[in-house]
Each structure stands twice: as structure tokens, then as C-alpha cells.
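Below is final-v4.csv, which holds CSV, C-alpha atoms.
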```csv
chain,number,residue,atom,x,y,z
A,6,MET,CA,-20.8,-12.6,-10.8
A,7,SER,CA,-18.6,-9.8,-9.6
A,8,VAL,CA,-16.3,-10.0,-6.6
A,9,PHE,CA,-15.3,-6.9,-4.8
A,10,PHE,CA,-12.8,-6.2,-2.0
A,11,TYR,CA,-13.7,-3.0,-0.3
A,12,GLY,CA,-11.9,-2.0,2.9
A,13,CYS,CA,-9.3,-0.1,4.7
A,14,VAL,CA,-5.6,-0.6,5.2
A,15,THR,CA,-2.7,1.3,6.6
A,16,LEU,CA,-0.2,3.0,4.3
A,17,ASP,CA,2.1,0.0,5.0
A,18,GLY,CA,-0.6,-2.4,4.0
A,19,TYR,CA,-2.0,-3.8,7.2
A,20,LEU,CA,-5.6,-4.6,7.9
A,21,ALA,CA,-5.0,-4.6,11.6
A,22,ASP,CA,-2.3,-4.6,14.1
A,23,ARG,CA,-0.7,-7.8,15.3
A,24,ASN,CA,-3.4,-8.3,17.9
A,25,HIS,CA,-6.1,-7.8,15.3
A,26,GLY,CA,-6.7,-4.3,16.8
A,27,LEU,CA,-8.2,-1.4,14.8
A,28,ASP,CA,-7.4,1.4,17.2
A,29,TRP,CA,-5.3,3.1,14.5
A,30,LEU,CA,-8.3,3.1,12.3
A,31,HIS,CA,-10.8,4.6,14.8
A,32,GLN,CA,-8.3,7.3,15.5
A,33,SER,CA,-7.9,8.3,11.8
A,34,GLY,CA,-11.1,10.2,11.6
A,35,THR,CA,-14.5,9.3,10.2
A,36,VAL,CA,-15.2,8.0,6.7
A,37,GLU,CA,-18.7,9.2,6.6
A,38,GLU,CA,-18.2,11.0,3.4
A,39,THR,CA,-17.2,8.0,1.5
A,40,GLY,CA,-19.1,6.2,-1.2
A,41,TYR,CA,-19.8,3.3,1.2
A,42,GLU,CA,-23.6,3.6,1.1
A,43,ALA,CA,-23.7,3.5,-2.7
A,44,PHE,CA,-21.2,0.7,-2.7
A,45,TYR,CA,-23.2,-1.4,-0.2
A,46,ARG,CA,-26.5,-0.9,-2.0
A,47,GLN,CA,-25.0,-2.7,-5.1
A,48,MET,CA,-24.0,-5.8,-3.1
A,49,ASP,CA,-26.0,-9.0,-2.9
A,50,VAL,CA,-23.7,-11.1,-0.7
A,51,THR,CA,-21.0,-10.4,1.9
A,52,ILE,CA,-18.2,-12.9,2.9
A,53,MET,CA,-15.9,-12.5,5.8
A,54,GLY,CA,-13.6,-14.7,7.8
A,55,ARG,CA,-14.0,-15.6,11.5
A,56,ARG,CA,-11.7,-12.9,12.7
A,57,THR,CA,-13.5,-10.2,10.9
A,58,TYR,CA,-16.8,-11.5,12.3
A,59,ARG,CA,-15.3,-11.5,15.7
A,60,GLU,CA,-14.9,-7.7,15.4
A,61,ILE,CA,-18.7,-7.2,15.1
A,62,GLU,CA,-20.2,-10.2,16.9
A,63,GLY,CA,-20.2,-8.3,20.2
A,64,LEU,CA,-22.5,-5.6,18.8
A,65,GLU,CA,-26.1,-5.7,20.0
A,66,ASN,CA,-27.3,-6.5,16.5
A,67,PRO,CA,-24.4,-7.2,14.1
A,68,ALA,CA,-26.8,-8.1,11.3
A,69,ALA,CA,-27.9,-4.4,11.2
A,70,LEU,CA,-24.5,-3.6,9.7
A,71,TYR,CA,-25.4,-5.7,6.6
A,72,PRO,CA,-29.2,-5.6,6.4
A,73,THR,CA,-29.8,-6.2,2.7
A,74,THR,CA,-27.2,-8.8,1.8
A,75,GLU,CA,-26.8,-12.5,2.4
A,76,ASN,CA,-23.9,-12.6,4.9
A,77,TYR,CA,-21.5,-15.6,5.1
A,78,VAL,CA,-18.8,-16.2,7.7
A,79,PHE,CA,-16.1,-18.7,6.8
A,80,THR,CA,-15.0,-20.6,9.9
A,81,HIS,CA,-13.4,-23.9,10.9
A,82,ALA,CA,-15.0,-23.7,14.3
A,83,GLY,CA,-18.6,-24.7,14.7
A,84,CYS,CA,-20.9,-21.8,15.2
A,85,GLY,CA,-24.5,-21.8,16.3
A,86,PRO,CA,-27.0,-19.9,14.1
A,87,ARG,CA,-26.9,-16.1,14.5
A,88,ALA,CA,-29.6,-13.9,13.0
A,89,GLY,CA,-28.4,-12.4,9.7
A,90,PHE,CA,-25.3,-14.6,9.2
A,91,ARG,CA,-24.6,-18.1,7.8
A,92,PHE,CA,-21.6,-19.9,8.9
A,93,VAL,CA,-19.9,-21.9,6.2
A,94,ARG,CA,-16.6,-23.8,5.6
A,95,GLY,CA,-14.7,-25.2,2.8
A,96,ASP,CA,-13.0,-23.7,-0.3
A,97,VAL,CA,-13.7,-20.0,-0.6
A,98,ALA,CA,-13.2,-20.0,-4.3
A,99,ASP,CA,-15.5,-22.9,-4.9
A,100,PHE,CA,-18.1,-21.2,-2.7
A,101,VAL,CA,-17.9,-18.0,-4.6
A,102,ARG,CA,-18.2,-19.7,-8.0
A,103,GLY,CA,-21.3,-21.5,-6.7
A,104,LEU,CA,-23.1,-18.3,-5.8
A,105,GLY,CA,-24.3,-17.7,-9.3
A,106,GLU,CA,-23.7,-15.4,-12.2
A,107,GLU,CA,-25.9,-12.6,-11.1
A,108,LYS,CA,-24.4,-11.9,-7.7
A,109,GLN,CA,-22.4,-8.9,-6.5
A,110,ILE,CA,-20.1,-10.2,-3.8
A,111,TRP,CA,-18.3,-8.1,-1.2
A,112,ILE,CA,-15.3,-9.7,0.4
A,113,ILE,CA,-15.2,-7.8,3.7
A,114,GLY,CA,-12.0,-9.5,4.8
A,115,GLY,CA,-9.7,-10.6,5.9
A,116,ASN,CA,-6.6,-11.9,4.0
A,117,THR,CA,-7.5,-15.5,4.5
A,118,ILE,CA,-10.6,-14.9,2.4
A,119,LEU,CA,-9.2,-12.5,-0.1
A,120,SER,CA,-5.9,-14.4,-0.8
A,121,PRO,CA,-7.5,-17.6,-2.1
A,122,LEU,CA,-9.8,-15.5,-4.3
A,123,LEU,CA,-6.9,-13.6,-5.7
A,124,ASP,CA,-5.0,-16.9,-6.3
A,125,ALA,CA,-8.1,-18.1,-8.2
A,126,ASP,CA,-8.2,-14.8,-10.2
A,127,LEU,CA,-11.7,-14.2,-9.0
A,128,VAL,CA,-11.4,-10.7,-7.7
A,129,ASP,CA,-12.9,-8.2,-10.1
A,130,CYS,CA,-12.6,-5.0,-8.2
A,131,LEU,CA,-10.5,-3.6,-5.4
A,132,VAL,CA,-11.6,-0.5,-3.6
A,133,ILE,CA,-9.1,0.4,-0.9
A,134,GLN,CA,-9.1,3.2,1.6
A,135,ILE,CA,-5.6,3.9,2.8
A,136,ALA,CA,-5.3,5.3,6.3
A,137,PRO,CA,-2.4,7.8,7.0
A,138,VAL,CA,-0.7,5.5,9.4
A,139,LEU,CA,2.3,3.3,9.5
A,140,LEU,CA,2.2,0.3,11.9
A,141,GLY,CA,5.4,-1.5,11.1
A,142,ALA,CA,3.8,-4.9,11.8
A,143,GLY,CA,0.3,-6.5,11.8
A,144,ILE,CA,-2.0,-8.5,9.6
A,145,PRO,CA,-1.3,-7.7,6.0
A,146,LEU,CA,-4.0,-7.3,3.4
A,147,PHE,CA,-2.2,-9.0,0.6
A,148,THR,CA,-0.9,-12.5,1.3
A,149,GLN,CA,-1.7,-14.1,-2.1
A,150,LYS,CA,0.8,-16.2,-4.0
A,151,GLU,CA,3.5,-14.8,-6.3
A,152,VAL,CA,1.7,-14.0,-9.6
A,153,LEU,CA,1.8,-10.7,-11.4
A,154,ARG,CA,-1.7,-9.4,-11.8
A,155,ARG,CA,-2.6,-6.1,-13.4
A,156,TYR,CA,-5.6,-4.0,-12.5
A,157,ARG,CA,-6.8,-0.8,-14.1
A,158,LEU,CA,-6.9,2.3,-11.8
A,159,GLU,CA,-10.5,3.6,-12.1
A,160,GLY,CA,-10.1,6.6,-9.8
A,161,VAL,CA,-8.6,8.1,-6.8
A,162,ARG,CA,-10.4,10.2,-4.2
A,163,GLN,CA,-9.7,11.7,-0.8
A,164,TYR,CA,-12.2,11.3,2.0
A,165,GLY,CA,-10.9,13.3,5.0
A,166,GLN,CA,-7.6,11.6,5.8
A,167,PHE,CA,-8.3,8.5,3.7
A,168,ALA,CA,-7.1,8.0,0.2
A,169,GLU,CA,-9.5,5.8,-1.8
A,170,LEU,CA,-8.1,3.9,-4.8
A,171,ALA,CA,-10.5,1.9,-7.0
A,172,TYR,CA,-9.2,-0.8,-9.3
A,173,ARG,CA,-10.8,-3.2,-11.8
A,174,ARG,CA,-9.3,-6.3,-13.3
A,175,THR,CA,-8.0,-5.7,-16.8
A,176,THR,CA,-9.0,-9.0,-18.2
B,29,MET,CA,16.4,19.6,7.1
B,30,SER,CA,13.6,17.8,5.5
B,31,VAL,CA,13.7,14.2,4.5
B,32,PHE,CA,11.5,13.0,1.6
B,33,PHE,CA,10.7,9.5,0.3
B,34,TYR,CA,9.5,9.8,-3.3
B,35,GLY,CA,9.0,6.7,-5.2
B,36,CYS,CA,6.9,4.0,-6.7
B,37,VAL,CA,5.5,0.8,-5.3
B,38,THR,CA,3.0,-1.9,-6.3
B,39,LEU,CA,-0.5,-2.0,-4.9
B,40,ASP,CA,0.7,-4.7,-2.6
B,41,GLY,CA,3.6,-2.6,-1.4
B,42,TYR,CA,6.7,-3.9,-3.3
B,43,LEU,CA,9.5,-1.8,-4.6
B,44,ALA,CA,10.7,-4.5,-6.9
B,45,ASP,CA,10.1,-8.2,-7.6
B,46,ARG,CA,12.1,-10.7,-5.7
B,47,ASN,CA,15.0,-10.5,-8.2
B,48,HIS,CA,15.0,-6.7,-7.8
B,49,GLY,CA,13.3,-6.4,-11.2
B,50,LEU,CA,11.2,-3.5,-12.3
B,51,ASP,CA,9.6,-5.0,-15.4
B,52,TRP,CA,6.1,-4.5,-13.8
B,53,LEU,CA,6.9,-0.8,-13.5
B,54,HIS,CA,8.1,-0.3,-17.0
B,55,GLN,CA,4.9,-2.0,-18.3
B,56,SER,CA,2.6,0.2,-16.2
B,57,GLY,CA,2.8,3.2,-18.5
B,58,THR,CA,4.8,6.4,-18.4
B,59,VAL,CA,4.7,8.8,-15.5
B,60,GLU,CA,5.8,11.8,-17.5
B,61,GLU,CA,2.9,13.9,-16.3
B,62,THR,CA,3.8,13.6,-12.6
B,63,GLY,CA,5.2,16.4,-10.5
B,64,TYR,CA,8.6,14.8,-10.6
B,65,GLU,CA,10.5,17.7,-12.1
B,66,ALA,CA,9.1,20.2,-9.6
B,67,PHE,CA,9.9,17.8,-6.8
B,68,TYR,CA,13.4,17.2,-7.9
B,69,ARG,CA,14.2,20.9,-8.3
B,70,GLN,CA,13.5,21.3,-4.5
B,71,MET,CA,16.1,18.7,-3.5
B,72,ASP,CA,19.7,19.3,-2.5
B,73,VAL,CA,20.8,15.8,-1.7
B,74,THR,CA,19.8,12.3,-2.8
B,75,ILE,CA,20.6,9.1,-0.9
B,76,MET,CA,20.2,5.6,-2.3
B,77,GLY,CA,21.3,2.1,-1.4
B,78,ARG,CA,23.7,0.0,-3.3
B,79,ARG,CA,20.9,-2.0,-5.0
B,80,THR,CA,19.1,1.1,-6.2
B,81,TYR,CA,22.4,2.4,-7.6
B,82,ARG,CA,22.9,-0.9,-9.3
B,83,GLU,CA,19.8,-0.2,-11.4
B,84,ILE,CA,21.3,2.9,-12.9
B,85,GLU,CA,25.1,2.3,-12.9
B,86,GLY,CA,24.9,0.7,-16.3
B,87,LEU,CA,23.7,3.8,-17.9
B,88,GLU,CA,26.1,5.8,-20.0
B,89,ASN,CA,25.9,8.7,-17.7
B,90,PRO,CA,24.0,7.9,-14.5
B,91,ALA,CA,24.8,11.3,-12.9
B,92,ALA,CA,22.7,12.9,-15.6
B,93,LEU,CA,19.7,11.5,-13.8
B,94,TYR,CA,20.4,13.6,-10.7
B,95,PRO,CA,22.4,16.6,-12.1
B,96,THR,CA,21.8,19.3,-9.5
B,97,THR,CA,21.9,17.3,-6.2
B,98,GLU,CA,24.7,15.9,-4.1
B,99,ASN,CA,24.2,12.2,-4.6
B,100,TYR,CA,25.2,9.6,-2.0
B,101,VAL,CA,25.2,5.8,-2.3
B,102,PHE,CA,25.3,3.8,0.9
B,103,THR,CA,27.4,0.6,0.4
B,104,HIS,CA,29.3,-1.9,2.5
B,105,ALA,CA,31.4,-2.8,-0.6
B,106,GLY,CA,34.3,-0.6,-1.7
B,107,CYS,CA,33.5,1.4,-4.7
B,108,GLY,CA,35.8,3.5,-6.8
B,109,PRO,CA,34.9,7.1,-7.6
B,110,ARG,CA,32.2,7.6,-10.1
B,111,ALA,CA,31.4,11.0,-11.5
B,112,GLY,CA,28.4,12.5,-9.7
B,113,PHE,CA,28.1,10.0,-6.8
B,114,ARG,CA,29.8,9.7,-3.5
B,115,PHE,CA,30.0,6.3,-1.8
B,116,VAL,CA,29.5,6.3,1.9
B,117,ARG,CA,29.0,3.8,4.7
B,118,GLY,CA,27.9,3.9,8.3
B,119,ASP,CA,24.7,4.8,10.1
B,120,VAL,CA,22.2,6.4,7.7
B,121,ALA,CA,20.3,8.3,10.4
B,122,ASP,CA,23.6,9.8,11.7
B,123,PHE,CA,24.6,10.7,8.2
B,124,VAL,CA,21.3,12.5,7.5
B,125,ARG,CA,21.5,14.4,10.7
B,126,GLY,CA,24.9,15.6,9.8
B,127,LEU,CA,23.9,17.0,6.4
B,128,GLY,CA,22.7,20.3,8.0
B,129,GLU,CA,19.5,22.1,8.7
B,130,GLU,CA,19.1,23.6,5.3
B,131,LYS,CA,19.1,20.5,3.2
B,132,GLN,CA,16.2,19.0,1.4
B,133,ILE,CA,17.0,15.3,1.2
B,134,TRP,CA,15.5,12.7,-1.2
B,135,ILE,CA,15.6,9.1,-0.1
B,136,ILE,CA,15.5,7.4,-3.5
B,137,GLY,CA,15.5,3.9,-2.0
B,138,GLY,CA,15.5,1.2,-1.1
B,139,ASN,CA,14.0,-0.1,2.2
B,140,THR,CA,17.5,-0.5,3.8
B,141,ILE,CA,17.8,3.3,3.6
B,142,LEU,CA,14.2,4.2,4.3
B,143,SER,CA,13.6,1.9,7.3
B,144,PRO,CA,16.4,3.2,9.6
B,145,LEU,CA,15.2,6.7,8.9
B,146,LEU,CA,11.6,5.8,9.8
B,147,ASP,CA,12.9,4.1,12.9
B,148,ALA,CA,14.7,7.3,13.8
B,149,ASP,CA,11.5,9.3,13.0
B,150,LEU,CA,13.5,11.4,10.5
B,151,VAL,CA,11.1,11.0,7.5
B,152,ASP,CA,9.1,14.2,7.0
B,153,CYS,CA,7.3,13.5,3.8
B,154,LEU,CA,6.3,10.4,1.8
B,155,VAL,CA,5.2,10.8,-1.8
B,156,ILE,CA,4.3,7.4,-3.1
B,157,GLN,CA,3.1,6.5,-6.6
B,158,ILE,CA,1.2,3.3,-6.5
B,159,ALA,CA,1.3,1.1,-9.7
B,160,PRO,CA,-1.8,-0.9,-10.5
B,161,VAL,CA,-0.1,-4.2,-10.1
B,162,LEU,CA,0.0,-7.0,-7.6
B,163,LEU,CA,3.2,-9.0,-7.4
B,164,GLY,CA,2.5,-11.3,-4.4
B,165,ALA,CA,6.2,-11.3,-3.5
B,166,GLY,CA,9.2,-9.0,-3.8
B,167,ILE,CA,11.2,-6.3,-2.0
B,168,PRO,CA,8.8,-4.5,0.3
B,169,LEU,CA,9.0,-0.7,0.7
B,170,PHE,CA,8.1,-0.7,4.4
B,171,THR,CA,10.3,-2.8,6.7
B,172,GLN,CA,10.6,-0.4,9.6
B,173,LYS,CA,10.1,-1.5,13.2
B,174,GLU,CA,6.7,-1.8,14.8
B,175,VAL,CA,5.8,1.7,15.9
B,176,LEU,CA,2.6,3.5,15.1
B,177,ARG,CA,3.4,6.7,13.2
B,178,ARG,CA,0.8,9.1,11.9
B,179,TYR,CA,1.1,11.2,8.8
B,180,ARG,CA,-1.2,13.8,7.3
B,181,LEU,CA,-2.6,13.1,3.9
B,182,GLU,CA,-1.8,16.2,1.9
B,183,GLY,CA,-3.3,15.1,-1.4
B,184,VAL,CA,-4.1,12.4,-3.9
B,185,ARG,CA,-3.6,12.6,-7.6
B,186,GLN,CA,-3.9,10.3,-10.6
B,187,TYR,CA,-1.2,10.3,-13.2
B,188,GLY,CA,-2.1,7.8,-15.9
B,189,GLN,CA,-2.3,4.5,-14.1
B,190,PHE,CA,-0.4,5.7,-11.1
B,191,ALA,CA,-2.1,7.0,-7.9
B,192,GLU,CA,0.1,9.4,-6.1
B,193,LEU,CA,-0.4,9.9,-2.3
B,194,ALA,CA,1.5,12.7,-0.5
B,195,TYR,CA,2.0,12.6,3.2
B,196,ARG,CA,3.6,14.8,5.8
B,197,ARG,CA,4.6,13.9,9.3
B,198,THR,CA,2.0,15.3,11.8
B,199,THR,CA,4.6,16.2,14.5
```

As C-alpha cells:
Amino acid sequence: MSVFFYGCVTLDGYLADRNHGLDWLHQSGTVEETGYEAFYRQMDVTIMGRRTYREIEGLENPAALYPTTENYVFTHAGCGPRAGFRFVRGDVADFVRGLGEEKQIWIIGGNTILSPLLDADLVDCLVIQIAPVLLGAGIPLFTQKEVLRRYRLEGVRQYGQFAELAYRRTT
Amino acid sequence: MSVFFYGCVTLDGYLADRNHGLDWLHQSGTVEETGYEAFYRQMDVTIMGRRTYREIEGLENPAALYPTTENYVFTHAGCGPRAGFRFVRGDVADFVRGLGEEKQIWIIGGNTILSPLLDADLVDCLVIQIAPVLLGAGIPLFTQKEVLRRYRLEGVRQYGQFAELAYRRTT
């Protein structure tokens, strides 16, 4: 089992503005030239929180975004079935541990999913695209508990106006 | 006048741990191969806060760190003269504006100096080395007010385990 976070933040570390908006992201240029397709092809499972899902549920066919993975949405609210997504609740770390040794798992977001996995030391890789924007307030990516964790920098790349940093856990 | 921030943060955006410690930095490898010398040679003035100064004042000759610049330390406390440093107080943005059009100014840190300059839209360039470490708590680099500010990514480089991102204000 390998757990990946792959996603975009502002230079000051926000996933979204305080209203969960992503206008700053859409105005930062396209990321077409990134390694996203190659990354996604490696994944077996995606996990996201309710707010992240809310960003895509209005699309005509949200499942088309993640066509080849099992897609889980963590939510406290009851949700009816929706093609391509399974709604789950409970402890994220336990859920991830239960997915099996062979799985490649993409944590799409947000911090309520990532943080308990960092706290449980279950995050193997972080691939972060940094947008050239300061917001000054918003939803931070990193809200895990105070523990020093070291990663190994595997590479840096520039895709248009995005800087992509790739990290792997050192132990 | 050009105002630069040039400095190191953790991947989760901290300048230092909650006790203002930098052990995580010293354990992240050397940064000898960075462009620091070339950067420093361009600077005419350095500005730092009292806490940043405290990190170096115990050295035998702290002024040797910044030998060719005018070096200012912002402090509310009274400080006696110290070779190579001038202790100043007041509004950082006004002070910077008063330094003159020709000056290249390095904001060494910390956030109490950088943030009012960001709020006044006086920061021209950000050159940030990201250490491959998560702390989970500490002294954040970015504590400016909520305003969307766009920069242009000028380049990304890897120096050992540090990723360096260079940004210039777009307007």
C-alpha cells in the first residue's frame, strides 16, 4: 500500500480561500503539461472529503474525472448512491489500512483527510503543485499535529506557473 | 528600490519551530551549492527582526555574516550599539520607503518584518528554499493580511534537499 497526496496549494499553503473557492487556481494558468495523467494511471483508489467532492458533484458526470479508480468520499452526512463514488465514514487511517497491501491510494483532499493520515504516518508521497499566489487566509493544506517528519525531495519541476515538488517518506 | 525576501521554510510553511528553533534546518543538509553568494552581493541593505537577530548575536562576530550591507534590526527593546548593526524602531514599510530608490533590500526575517511589507505591497521578489520537513506547528513565514497577490514564478531549482522557488511581483 502506498498513500499519495497529489494536489495544488498557494505559495502561502492554502488549498482554497476561506469560502472554499478556487478562483485563484483557475486564474493561474493551465496545468496541462504536468505529469497528472501518468500519476493517475498508477492509482487504484482515490479518497476525498465531502468539501472536495462538493467541488465536482455539480458536474454532469463527476465520475468521468476518476474513471479507473475506486473513489471514496468521507462524509458525516448521509449521501445517496452516486455513480462512480462510494460514501464512507469513520476513521480515515483505519480505512486506508484496510484497503490492502497492493493498493496505490491518492488522497485528493482536503486537510481533514490528509491530516489524520499524516498523524498516523501513513503518507508515503507528497506531490505538491505550488501556485504563484498569496491569499493571506483560507483553508490550509497542512493541519496535522506537531511532529517533525522528514521526507526526501525526489525532484522539482516547473509546469507553466506551477512549481511541482515531489517528496517520499524517508523511513 | 527592490525588496527581496530570501530564506528557508519547512514544507508546511514554518520559519522555525514554536520555540524559534532551527534544528530541523541544520539537519536538512548543507545549502552550500545555492545561489546565496550571488544573491547577497546584489544587496545594499538587510533588515531583520529582533528574534532573527537573536539567532546570530551570540556569534563571535555576527557582522561578518553581512559584511557589505547596511544591516538594520527592528526592535522595540533598547539595544546598545553593536558593530555592523543599527537598531531601529517604527513602521517597517515607512522605513523601507525611506531607504531610497537605488537600494536593494533583503528582508532576512521574520514574519513580523515581512508581513507589513507584503501588506504594503512592497515585496518585489520572494526566493524561498523549502526544506523537506513537516513540523506541524511553529512560526509561520506568511502572516500577512487577506489579499490575493500574484507573483510570477521565475524559476525552480533543487539544491541538495532544498527546493528553491523564485518569484517576482507581476505588477

*Within 7 Å of chain A, which residues of chain B are there when counting all atoms listed in the file? Please give them as a list in words.*
Asp40, Gly41, Pro160, Val161, Leu162, Leu163, Gly164, Ala165, Phe170, Thr171, Gln172, Lys173, Glu174, Val175, Leu176, Arg177, Arg178, Tyr179, Arg180, Leu181, Val184, Arg185, Gln186, Gln189 and Ala191 of chain B

_Which residues are near Phe32 in chain B? Cut-off 7 Å, only C-alpha atoms, ignore same chain within fewer than 4 positions. Put them as JSON, numbers by chain._
{"B": [133, 134, 135, 151, 152, 153, 154]}

*Neighbours of Met48 in chain A within 10 Å (all atoms listed in the file; same-chain residues fewer than 2 positions away dropped), as a list in words?*
Ser7, Val8, Phe9, Ala43, Phe44, Tyr45, Arg46, Val50, Thr51, Tyr71, Thr73, Thr74, Glu75, Lys108, Gln109, Ile110 and Trp111 of chain A

*asked:* Report, in Å to a single decimal, how far apart CA of Val97 in chain A and CA of Asp126 in chain A are.
replied: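 CA of Val97 in chain A lies at a distance of 12.2 Å from CA of Asp126 in chain A.
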
*asked:* Please compute the CA of Ala105 in chain B-CA of Phe123 in chain B distance, one decimal, in Å.
replied: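 Value for the CA of Ala105 in chain B-CA of Phe123 in chain B distance: 17.5 Å.
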
*asked:* Would you compute the distance between CA of Ile113 in chain A and CA of Asp28 in chain A? Give it in Å to one decimal.
replied: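 Straight-line distance from CA of Ile113 in chain A to CA of Asp28 in chain A works out to 18.1 Å.
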
*When distances are computed from only C-alpha atoms, which of B:Gly112, B:Gly35, B:Gly126, B:Gly49 shows the smallest separation from Ile167 in chain B?*
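Looking only at the distances to Ile167 in chain B, the closest residue turns out to be B:Gly49.
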
*Rank B:Ile75, B:Glu88, B:Gly118, B:Val124 by their smallest atom-to-atom distance to Val101 in chain B, using all atoms listed in the file, and report the top residue only.*
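Using all atoms listed in the file, Val101 in chain B sits closest to B:Ile75.
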
*Skip Asp122 in chain B itself and residues of its chain fewer than 6 positions away, then list as a count of residues only all residues within 12 Å of it, counting all atoms listed in the file.*
7

*asked:* Please determine, counting all atoms listed in the file, which residue among A:Met6, A:Gly115, A:His31, A:Gln134 has the shortest atom-to-atom distance to Arg59 in chain A.
replied: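 Of A:Met6, A:Gly115, A:His31, A:Gln134, the one nearest Arg59 in chain A is A:Gly115, counting all atoms listed in the file.
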